Structures are given as structure tokens and as C-alpha cells.
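**Q** Got a structure here, written out as C-alpha cells. Questions coming.
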Amino acid sequence: MSSENNKILTTDGIPLEESLKVAEKKNKIKAFLLVAPLLLFLLITYIIPIGGMFSRSIDDKLTTNMLPKTYKAMEKWDGKNLPSEEVFEAFYLDYRILVKNKTVGKLQTQLNLEKNGFKSALKKLARKQKKFKEGNYKEQIMNSHKRFKNVEYWRAIKRRAPPITYSKYLKAMDMYLNEDNKIVQVEEDRRMHRILWLRTLEIAFFVTLFCFIMAYPIAHLLATIPMKYSNLLLICVLLPFWTSLLVRTASWMILLQQQGLLNDFFVWIGLFTNENRPQMMYNKTGTYVAMTQILLPFMVLPLYSVMKTISPSLMRAGKSLGATPTVAFFKVYFPLTIPGIGAGCLLVFILAIGYYITPELVGGASGKLISNQIAYHMKSSLDWSFASAMGLMLLTGVLAIYWLYNKLVGVDNIKLG
Amino acid sequence: MALPKYTETQYRIWHYFYLLFCGCVFFFLVAPLFVIFPLSFNAEEFLVFTDGMKRLDPDAFSLRWYHDMIYGTKNPWGLAAKNSFIIAVFATIGSIILGTLAALGLSSRHMPYKGLIMATLISPMIVPLIISGVAIFFFMAKVGLAATHLGIILAHIVLGTPFVVITVTATLSGFDHSITRAASSLGSNPFNTFMKVTLPLILPGVISGGLFAFVTSFDEVVVVLFLSGLDNTTIPIQMWTGLREQLSPTILAVATCLIILSILILVTAELLRRRSERLRGINR
């Protein structure tokens with residue numbers, strides 16, 4: 001008998017090994033096809049648009065497309081002295097088209113962002129260029145406004161040549177590229193974004209800490225008392241979890257306002273006089289209090305699900321071996337709850353760092369987070385590329401924590417309720 | 001949890017302190033919600049307990065804000081409620097279908113790249129809503145679905161599916177796959193097997209995932225803020241505008257209704273969870 005016949009064959013005469021491989025592959029495809037609709041849907045409506053935010057955030061084709069001839073002519077210019085007649089002519093030709101198409105305003109705004117004072121010079125040029133004669137455009141443009149005699153302005157145009165820019169990311173870090181292409185910081189009194197980033201981290205950190213301090217004892221209580229009580233208390237945790245976020249924020253607005261219940265209570269017990277009731281809303285205090293209460297269930301539930309699995313006999317064993325309750329708690333119980341602590345803290349931190357609704361409503365100016373700034377640029381200042389840049393910076397941070405969470409806890413271990 | 005008789009005094013004190021602390025935390029969690037109830041029956045326009053209310057004077061209470069909510073002039077709540085329900089129902093159906101299919105695939109042991117795909121499918125739950133809002137808005141504006149019901153429904157399907165995926169995968173984790181094989185060996189086609197064997201067993205998970213998706217959609221503000229026009233205002237949008245402009249008692253009336261709704265949903269979810277555990281033979 002040849003060696004081939006030693007292999008086990010299926011009834012079709014195919015070796016079993018191969019037949020199993022085919023079946024395995026079929027199963028793989030079947031499983032993948034079930035996931036495919038959702039994956040495709042998310043890819044189109046969600047993941048690719050998030051990627052699109054990146055191209056939007058670095059996109060700087062606006063000026064590049066408006067001055068095609070100028071940038072071509074500028075390729076040979078070294079940027080030291082005033083450019084040659086060729087560049088001036090190209091600029092005149094590009095500019096004439098823009099004036100004719102009435103899109104010149106966009107260029108004026110863009111170049112003015114690059115260097116102050118461009119707008120008036122360009123407006124003057126728009127008026128004067130109608131009377132331009134053919135030839136010697138350098139002279140004519142330079143005579144239309146004295147700023148065109150300054151080489152700095154031509155350098156500013158050249159700086160906008162590349163179709164991509166990182167300036168939005170620098171701006172989000174309170175930095176910018178100066179005229180010599182060096183990264184410098186903005187003046188001290190205008191560094192608002194760095195404050196926002198730090199405040200977001202600070203608030204997320206302390207909210208996580210407060211949630212942990214409050215959640216640990218009650219999760220322990222829920223896990224150790226008899227079922228009939230724990231079910232009732234669990235509902236106290238789940239009810240806020242299921243209630244509308246806006247309703248919960250509204251209730252904090254009622255409680256925290258200056259004529260609100262909490263202040264009434266403080267006056268009644270004599271902590272403050274009626275005249276100087278403390279301001280507890282529209283500042284950081286409001287953000288802290290409301291966010292802690294709103295995110296508390298997200299800390300309690302992971303802790304509870306871990307604590308429920310810890311057998312009470314372990315603590316008894318520790319104590320019977322001579323440990324005091326304190327020692328037994330820190331040496332036996334606490335280490336066993338660390339997975340739950342990790343899960344809860346990471347979850348609360350991730351949620352807190354991107355919070356928008358509550359800080360917007362109760363945070364005032366000093367309690368606003370980076371999300372609120374993103375929303376401001378999306379809805380009010382309409383600087384969408386800046387909003388995209390900041391959004392992606394925030395997203396990078398969140399994804400890093402998400403990756404950590406996935407490593408430590410595993411996303412398939414997330415439990416709801 | 002009674003203390004044993006031999007407990008030393010210091011631990012006894014510590015134990016009562018612990019119970020007191022837990023009591024305070026539970027109070028902190030739940031009490032703010034119940035402030036809204038009495039104030040929504042206020043006869044006055046102020047958001048404080050009037051002297052009449054403190055004396056439990058019947059004249060100090062009224063249903064005028066509920067009346068205002070339903071019959072008020074130019075009131076936006078009717079349209080908002082209609083929109084909210086339409087959007088939430090369709091978003092829930094979409095989430096359930098896509099999420100359940102994906103969960104079935106994910107819990108097959110043949111699934112390649114399981115961890116990566118799961119992490120991707122769950123990501124809308126983790127990514128800050130403001131970023132999801134911006135990205136989805138750019139997409140919907142590009143395809144011309146901004147300020148339409150369909151656009152908002154699709155956006156809410158994105159946000160709702162992770163919950164369905166999580167709950168259904170959890171239900172399937174204790175699922176005995178030999179019963180589907182038994183069904184196939186008895187001549188059932190895959191579709192019938194799913195409808196008659198798998199679905200009834202995972203139904204509690206599907207429904208509780210659906211409830212999560214419904215609540216997510218019904219309560220969602222951030223994405224809708226970017227996507228909604230005048231015609232597709234929802235309850236959360238109306239509350240948001242109300243809270244930003246002026247806290248009126250009408251909002252509290254709406255909030256009370258929402259709390260009652262969430263209590264109903266909570267009870268349903270809790271009953272389903274217990275049923276699911278019973279069905280899967282998990283005893284606590």
C-alpha cells in the first residue's frame with residue numbers, strides 16, 4: 001500500500017484533513033458574513049468619516065487652488081529679496097480671475113490670517129488692478145499699496161503654498177509657526193487651549209477618584225448583604241443609570257442654583273447667611289458634583305460584578321489565621337477587587353474626558369471642557385478644520401485608554417446592568 | 001449583615017460609620033431625581049418649594065405645568081415626542097437586526113480577528129459623543145441626509161448597536177450550540193433553526209439590548225444637535241434648549257414623565273435579565 005492510502009479518507013474519497021480544512025473555511029466565511037453588515041455599516045457611516053476628519057484637519061488646499069500660477073512661478077524664488085516680474089505677473093493673472101469670480105474675499109481672509117494687514121492691501125489691489133496696463137506688473141502692483149514692497153508679505157503667500165498644514169494642531173496646543181518656520185508659543189495671556197486640556201484631565205481624574213471613593217463601599221455592601229436587600233439597593237443604582245442624562249442634569253440645576261434647595265439647606269443650618277449664598281453652579285463645583293453623581297453607576301456596576309464572585313470564606317480564612325479585619329481586607333479582599341477597580345476607573349475616566357452636556361449646562365466658563373470648545377468651533381465659529389483637529393487629539397487619548405482597557409479587561413467582558 | 005457578638009468596639013464603630021457612608025452615597029445617587037417630582041406640581045412659577053408646599057396646602061399644588069406641556073400654546077413637546085418615538089423605534093429595530101447578526105457571528109468559535117472586530121463594533125460606545133457627532137454630521141451632510149429623520153435614525157443605529165452586540169454576546173456565551181446542530185440534523189434549514197431554536201433562547205438578551213438602544217436613542221442630544229433641523233426636533237433637544245434658556249416648570253413636568261418611563265424600562269430590563277438567567281440555568 002502506498003503512503004497516500006494511509007491517510008483517513010472521507011466517504012467522498014477526499015483526505016479527512018483537507019475536508020476538515022474546507023469545512024473550517026466555510027464556517028469562517030459564514031461567521032464573517034454575519035458580522036459583515038454591521039461592520040460595513042459602521043465603516044461607511046462612522047469609521048471612514050472619522051478618518052475624513054483627519055484630512056479635513058490638515059487640509060489647506062484653499063489658497064493653493066486659488067493661486068495656481070503664482071505658486072508655480074514662486075517655485076524658483078528663494079524668498080530673500082522681492083520676487084521677480086514673473087511672479088508678479090502670475091499673481092496679477094490669478095488675482096484678476098478671483099476678482100472676476102467674486103471669490104476674492106476668501107483669499108483675503110486666508111492671507112490675512114497668515115499675516116495681519118493683508119486684507120486692506122489686497123482690497124486696494126482689487127480696485128486698482130482694473131486700470132492696470134500690460135507689462136511691468138511688478139511696478140504697478142507695488143505702487144498700488146506700499147505693503148507689496150515688503151518682502152514679508154510675499155513670504156507669507158509662499159508659506160501657504162503646501163496643500164496640507166499642521167497649523168490647526170499647533171493652534172490646539174497654543175503654538176504657531178512664525179515667519180522663520182519655527183514653532184513658537186503664543187503670548188501667555190492667550191494660552192487658552194492648554195488650560196482647557198489640563199482642566200479636562202484634572203476634572204476627569206478627580207471625578208474618577210470621587211466615584212471610586214463612593215462606589216467601593218456601596219459595591220461592597222451590595223455584594224455582601226442578603227439578596228432581598230441587595231436587589232432593592234441595586235435598583236437605586238440602576239435607576240439613575242436608566243434615567244435621561246438631561247433629567248439628571250436638570251435636577252442638579254434645581255439643587256445647585258443660588259436660590260436652590262441645597263443653598264436653602266445651608267442657610268437653614270446656619271452654614272452661610274442668606275446674603276452670601278455660595279455660587280455652586282456655573283463653575284467647576286457644579287461640574288464636579290453633577291458629573292460624579294451621573295458617572296457613579298458606571299463605577300459601581302463593574303466593582304459589584306467582581307465583588308459578587310469573591311467568596312466570603314476567604315476573609316474568614318484570613319481572620320482565622322490571625323489577621324485583624326483591616327489586615328485581612330488589605331491582604332485578601334482588596335487585591336481580588338483590582339480587576340473591577342481597573343474596569344470601573346478606566347470606564348469612568350473615558351466617559352468623563354469626553355463629557356459635553358453636563359459641563360455645558362452647569363459648568364459656566366470655568367467648568368468647560370475640551371468637548372465644549374470643539375462644539376463651539378463646530379456650531380459658532382464654524383472653524384470645522386480646527387474642531388476636527390481637536391477632536392482627533394481627544395480621540396487619540398481616548399483610544400489609548402480604550403486600548404489599555406481592552407488589554408486589561410477585554411471589551412467582551414463589559415457587562416451592562 | 002449583622003455583626004458577630006465578639007466584635008471589638010473599634011470595628012463596631014467602623015462598621016456603623018461604613019453603613020452611614022453607604023447610606024449617604026445612596027441618598028446622593030437617588031435623591032436628586034426625586035426633587036423633580038414635587039416641584040413639577042408647583043402652582044407657582046418658581047423652582048423652589050413655596051411655603052404653601054411646605055405646609056402641604058392643596059392650593060399650592062397644581063397640574064398646570066402638565067396641562068401646559070400637553071395643551072400649551074405653540075408648544076413644541078407634541079411634535080418632539082412624536083419625532084423622538086419614531087426615531088427611537090426605527091433606530092432600535094435597526095440596531096437589533098444588525099447587532100444580533102453580528103453577535104451571532106462573533107460568538108462563533110470560527111470567527112477570525114474576534115478581538116479586533118469586537119473592539120471596532122463597540123467603539124461608538126467609547127468614543128466621546130462629540131467626536132461621533134462631528135464625524136456623523138460630516139458624513140450625513142455629504143450624502144444629503146442632514147436634518148432628515150433617516151439621517152438621525154442611521155446615526156442612532158450607530159450608537160445603539162454596541163449595546164445589542166454586548167447583551168446578545170453575553171446571552172450567547174452560555175449557549176449550547178449542539179441544539180442548533182440537532183435542529184439541522186432533523187432537517188431544519190438555518191433560517192428556521194434561528195427563528196425556532198436560537199431566537200427564543202436569546203430573546204431576553206435581544207430585548208434588553210433593544211431597550212438599551214431605545215433609551216440611547218430616546219435620550220441622545222449631542223449627535224442630534226448637529227443633525228436636526230426645525231422639523232426633527234426631539235424631546236432631548238427641546239429639554240436642552242429649555243435648560244439653556246430658562247428652567248421652566250414645564251420642563252420638570254416632562255422630566256417627571258421621563259423618569260416614570262425610565263422606571264418602567266428598568267423594571268422590564270430587570271425582569272428580562274432574571275428570566276434570561278433562569279433560562280440559561282445560571283443560579284445566583
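Residues are referred to by chain and number: the chain letter is A, B, ... according to the order shown in the C-alpha cells, the number counts from 1 in that chain, and ligands are numbered separately from 1 in the order shown.
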List as a list in words the protein and nucleic acid residues near stretch 79-81 of chain B, meaning an atom at most 8 Å away when only C-alpha atoms are counted, but skip any in the same chain fewer than 2 places from it.
**A**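 Returned residues: Pro76, Trp77, Asn83, Ser84, Phe85, Asn232, Thr233, Thr234, Ile235 and Gln238 of chain B.
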**Q** Please dump the current selection as a short mmCIF file (atom, residue, chain, number, x, y, z; two decimals), in the first residue's frame; keep N, CA and C atoms.
**A**
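Dumped everything to result-v4.cif:
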```cif
data_model
loop_
_atom_site.label_atom_id
_atom_site.label_comp_id
_atom_site.auth_asym_id
_atom_site.auth_seq_id
_atom_site.Cartn_x
_atom_site.Cartn_y
_atom_site.Cartn_z
N PRO B 76 -43.91 72.86 21.80
CA PRO B 76 -43.11 72.02 20.91
C PRO B 76 -43.11 70.55 21.31
N TRP B 77 -43.70 70.23 22.48
CA TRP B 77 -43.50 68.89 23.03
C TRP B 77 -44.20 67.81 22.24
N ASN B 83 -41.56 62.79 17.08
CA ASN B 83 -40.28 62.55 16.42
C ASN B 83 -39.41 61.60 17.23
N SER B 84 -39.35 61.85 18.53
CA SER B 84 -38.50 61.02 19.39
C SER B 84 -38.90 59.56 19.28
N PHE B 85 -40.23 59.31 19.34
CA PHE B 85 -40.68 57.92 19.30
C PHE B 85 -40.39 57.29 17.95
N ASN B 232 -37.17 68.16 12.75
CA ASN B 232 -36.90 66.94 13.51
C ASN B 232 -36.34 67.22 14.90
N THR B 233 -36.95 68.18 15.56
CA THR B 233 -36.61 68.39 16.97
C THR B 233 -37.11 67.20 17.79
N THR B 234 -36.36 66.83 18.81
CA THR B 234 -36.76 65.70 19.65
C THR B 234 -36.93 66.18 21.09
N ILE B 235 -37.42 65.29 21.96
CA ILE B 235 -37.61 65.68 23.36
C ILE B 235 -36.30 66.16 23.98
N GLN B 238 -35.48 69.65 22.83
CA GLN B 238 -36.34 70.65 23.46
C GLN B 238 -35.91 70.91 24.91
#
```
**Q** Give me, as an NGL selection string, the residues of stretch 181-216 of chain B that a backbone DSSP run labels alpha helix (DSSP H).
**A** :B and (181-185 or 190-193 or 199-216)
**Q** Using only C-alpha atoms, which residues sit within 8 Å of A:Leu303 once same-chain residues fewer than 4 positions away are excluded, as a PyMOL selection string?
**A** chain A and resi 215-216+219+299+307+337+340-341+343-344
**Q** Convert the current residue selection to file output with C-alpha atoms, as a PDB file, in the first residue's frame.
**A**
```pdb
ATOM      1  CA  ALA A 215     -18.566  53.366  44.741  1.00  0.00           C
ATOM      2  CA  TYR A 216     -16.218  50.983  46.551  1.00  0.00           C
ATOM      3  CA  ALA A 219     -20.463  47.933  45.797  1.00  0.00           C
ATOM      4  CA  MET A 299     -18.123  52.627  38.673  1.00  0.00           C
ATOM      5  CA  MET A 307     -17.089  41.594  44.286  1.00  0.00           C
ATOM      6  CA  THR A 337     -11.113  43.503  43.553  1.00  0.00           C
ATOM      7  CA  GLY A 340     -13.087  45.629  38.988  1.00  0.00           C
ATOM      8  CA  ILE A 341     -11.277  48.787  40.085  1.00  0.00           C
ATOM      9  CA  ALA A 343     -12.510  48.359  34.738  1.00  0.00           C
ATOM     10  CA  GLY A 344     -14.549  50.948  36.623  1.00  0.00           C
TER      11      GLY A 344
END
```
**Q** Excluding B:Phe214 and its own-chain neighbours fewer than 6 positions away, which residues fall within 9 Å of it when counting only C-alpha atoms? Please give them as a PDB file with N, CA and C atoms, in the first residue's frame.
**A**
```pdb
ATOM      1  N   ALA B  88     -36.641  56.685  17.703  1.00  0.00           N
ATOM      2  CA  ALA B  88     -36.152  55.649  18.618  1.00  0.00           C
ATOM      3  C   ALA B  88     -36.612  54.264  18.178  1.00  0.00           C
ATOM      4  N   VAL B  89     -37.872  54.160  17.711  1.00  0.00           N
ATOM      5  CA  VAL B  89     -38.376  52.836  17.322  1.00  0.00           C
ATOM      6  C   VAL B  89     -37.590  52.296  16.131  1.00  0.00           C
ATOM      7  N   ALA B  91     -34.631  53.247  15.037  1.00  0.00           N
ATOM      8  CA  ALA B  91     -33.222  53.039  15.401  1.00  0.00           C
ATOM      9  C   ALA B  91     -33.075  51.739  16.181  1.00  0.00           C
ATOM     10  N   THR B  92     -34.069  51.447  17.070  1.00  0.00           N
ATOM     11  CA  THR B  92     -33.995  50.208  17.846  1.00  0.00           C
ATOM     12  C   THR B  92     -34.089  48.999  16.940  1.00  0.00           C
ATOM     13  N   ILE B  93     -35.056  49.048  15.981  1.00  0.00           N
ATOM     14  CA  ILE B  93     -35.207  47.900  15.078  1.00  0.00           C
ATOM     15  C   ILE B  93     -33.909  47.672  14.300  1.00  0.00           C
ATOM     16  N   GLY B 160     -26.480  52.748  18.901  1.00  0.00           N
ATOM     17  CA  GLY B 160     -27.245  51.750  19.647  1.00  0.00           C
ATOM     18  C   GLY B 160     -26.727  50.329  19.495  1.00  0.00           C
TER      19      GLY B 160
END
```
**Q** If you count only C-alpha atoms, which residues fall within 7 Å of stretch 163-174 of chain B, apart from same-chain ones fewer than 4 positions away, as a PDB file with N, CA and C atoms, in the first residue's frame?
**A**
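Result file follows (selection.pdb):
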```pdb
ATOM      1  N   SER B  95     -30.858  48.616  15.081  1.00  0.00           N
ATOM      2  CA  SER B  95     -29.780  48.162  15.968  1.00  0.00           C
ATOM      3  C   SER B  95     -29.941  46.690  16.290  1.00  0.00           C
ATOM      4  N   ILE B  96     -31.199  46.281  16.541  1.00  0.00           N
ATOM      5  CA  ILE B  96     -31.426  44.877  16.922  1.00  0.00           C
ATOM      6  C   ILE B  96     -31.023  43.954  15.776  1.00  0.00           C
ATOM      7  N   GLY B  99     -27.148  44.286  15.150  1.00  0.00           N
ATOM      8  CA  GLY B  99     -26.396  43.872  16.335  1.00  0.00           C
ATOM      9  C   GLY B  99     -26.524  42.383  16.604  1.00  0.00           C
ATOM     10  N   THR B 100     -27.750  41.826  16.438  1.00  0.00           N
ATOM     11  CA  THR B 100     -27.936  40.404  16.719  1.00  0.00           C
ATOM     12  C   THR B 100     -27.161  39.556  15.715  1.00  0.00           C
ATOM     13  N   ALA B 102     -24.488  40.385  14.084  1.00  0.00           N
ATOM     14  CA  ALA B 102     -23.065  40.494  14.377  1.00  0.00           C
ATOM     15  C   ALA B 102     -22.709  39.672  15.608  1.00  0.00           C
ATOM     16  N   ALA B 103     -23.597  39.679  16.618  1.00  0.00           N
ATOM     17  CA  ALA B 103     -23.298  38.920  17.835  1.00  0.00           C
ATOM     18  C   ALA B 103     -23.271  37.429  17.544  1.00  0.00           C
ATOM     19  N   SER B 107     -19.921  35.179  18.230  1.00  0.00           N
ATOM     20  CA  SER B 107     -19.819  34.134  19.229  1.00  0.00           C
ATOM     21  C   SER B 107     -19.548  32.777  18.596  1.00  0.00           C
ATOM     22  N   ILE B 202     -32.350  33.305  22.988  1.00  0.00           N
ATOM     23  CA  ILE B 202     -31.568  34.530  23.218  1.00  0.00           C
ATOM     24  C   ILE B 202     -32.471  35.754  23.291  1.00  0.00           C
ATOM     25  N   GLY B 205     -31.915  38.520  25.905  1.00  0.00           N
ATOM     26  CA  GLY B 205     -30.745  39.354  25.601  1.00  0.00           C
ATOM     27  C   GLY B 205     -31.033  40.335  24.493  1.00  0.00           C
ATOM     28  N   VAL B 206     -31.739  39.868  23.463  1.00  0.00           N
ATOM     29  CA  VAL B 206     -32.065  40.745  22.337  1.00  0.00           C
ATOM     30  C   VAL B 206     -32.927  41.897  22.820  1.00  0.00           C
ATOM     31  N   GLY B 209     -30.994  44.331  25.045  1.00  0.00           N
ATOM     32  CA  GLY B 209     -30.153  45.150  24.177  1.00  0.00           C
ATOM     33  C   GLY B 209     -30.976  46.193  23.446  1.00  0.00           C
ATOM     34  N   GLY B 210     -32.154  45.757  22.981  1.00  0.00           N
ATOM     35  CA  GLY B 210     -33.046  46.684  22.301  1.00  0.00           C
ATOM     36  C   GLY B 210     -33.486  47.815  23.211  1.00  0.00           C
ATOM     37  N   PHE B 212     -31.762  49.051  25.707  1.00  0.00           N
ATOM     38  CA  PHE B 212     -30.627  49.963  25.794  1.00  0.00           C
ATOM     39  C   PHE B 212     -30.571  50.866  24.556  1.00  0.00           C
ATOM     40  N   ALA B 213     -30.742  50.250  23.386  1.00  0.00           N
ATOM     41  CA  ALA B 213     -30.676  51.024  22.146  1.00  0.00           C
ATOM     42  C   ALA B 213     -31.786  52.065  22.119  1.00  0.00           C
ATOM     43  N   ARG B 280     -30.992  30.217  31.114  1.00  0.00           N
ATOM     44  CA  ARG B 280     -29.673  29.664  30.841  1.00  0.00           C
ATOM     45  C   ARG B 280     -29.165  28.828  32.013  1.00  0.00           C
TER      46      ARG B 280
END
```
**Q** So, with only C-alpha atoms as the atoms that count, which of B:Leu211, B:Leu116, B:Leu56, B:Leu252 lies closest to B:Ala269?
**A**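 Smallest separation from B:Ala269 among the options: B:Leu211.
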**Q** Measure the distance from atom CA of A:Ser167 to atom CA of A:Gly363 in Å and round it to one decimal.
**A**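 Atom-to-atom, atom CA of A:Ser167 to atom CA of A:Gly363, that is 29.2 Å.
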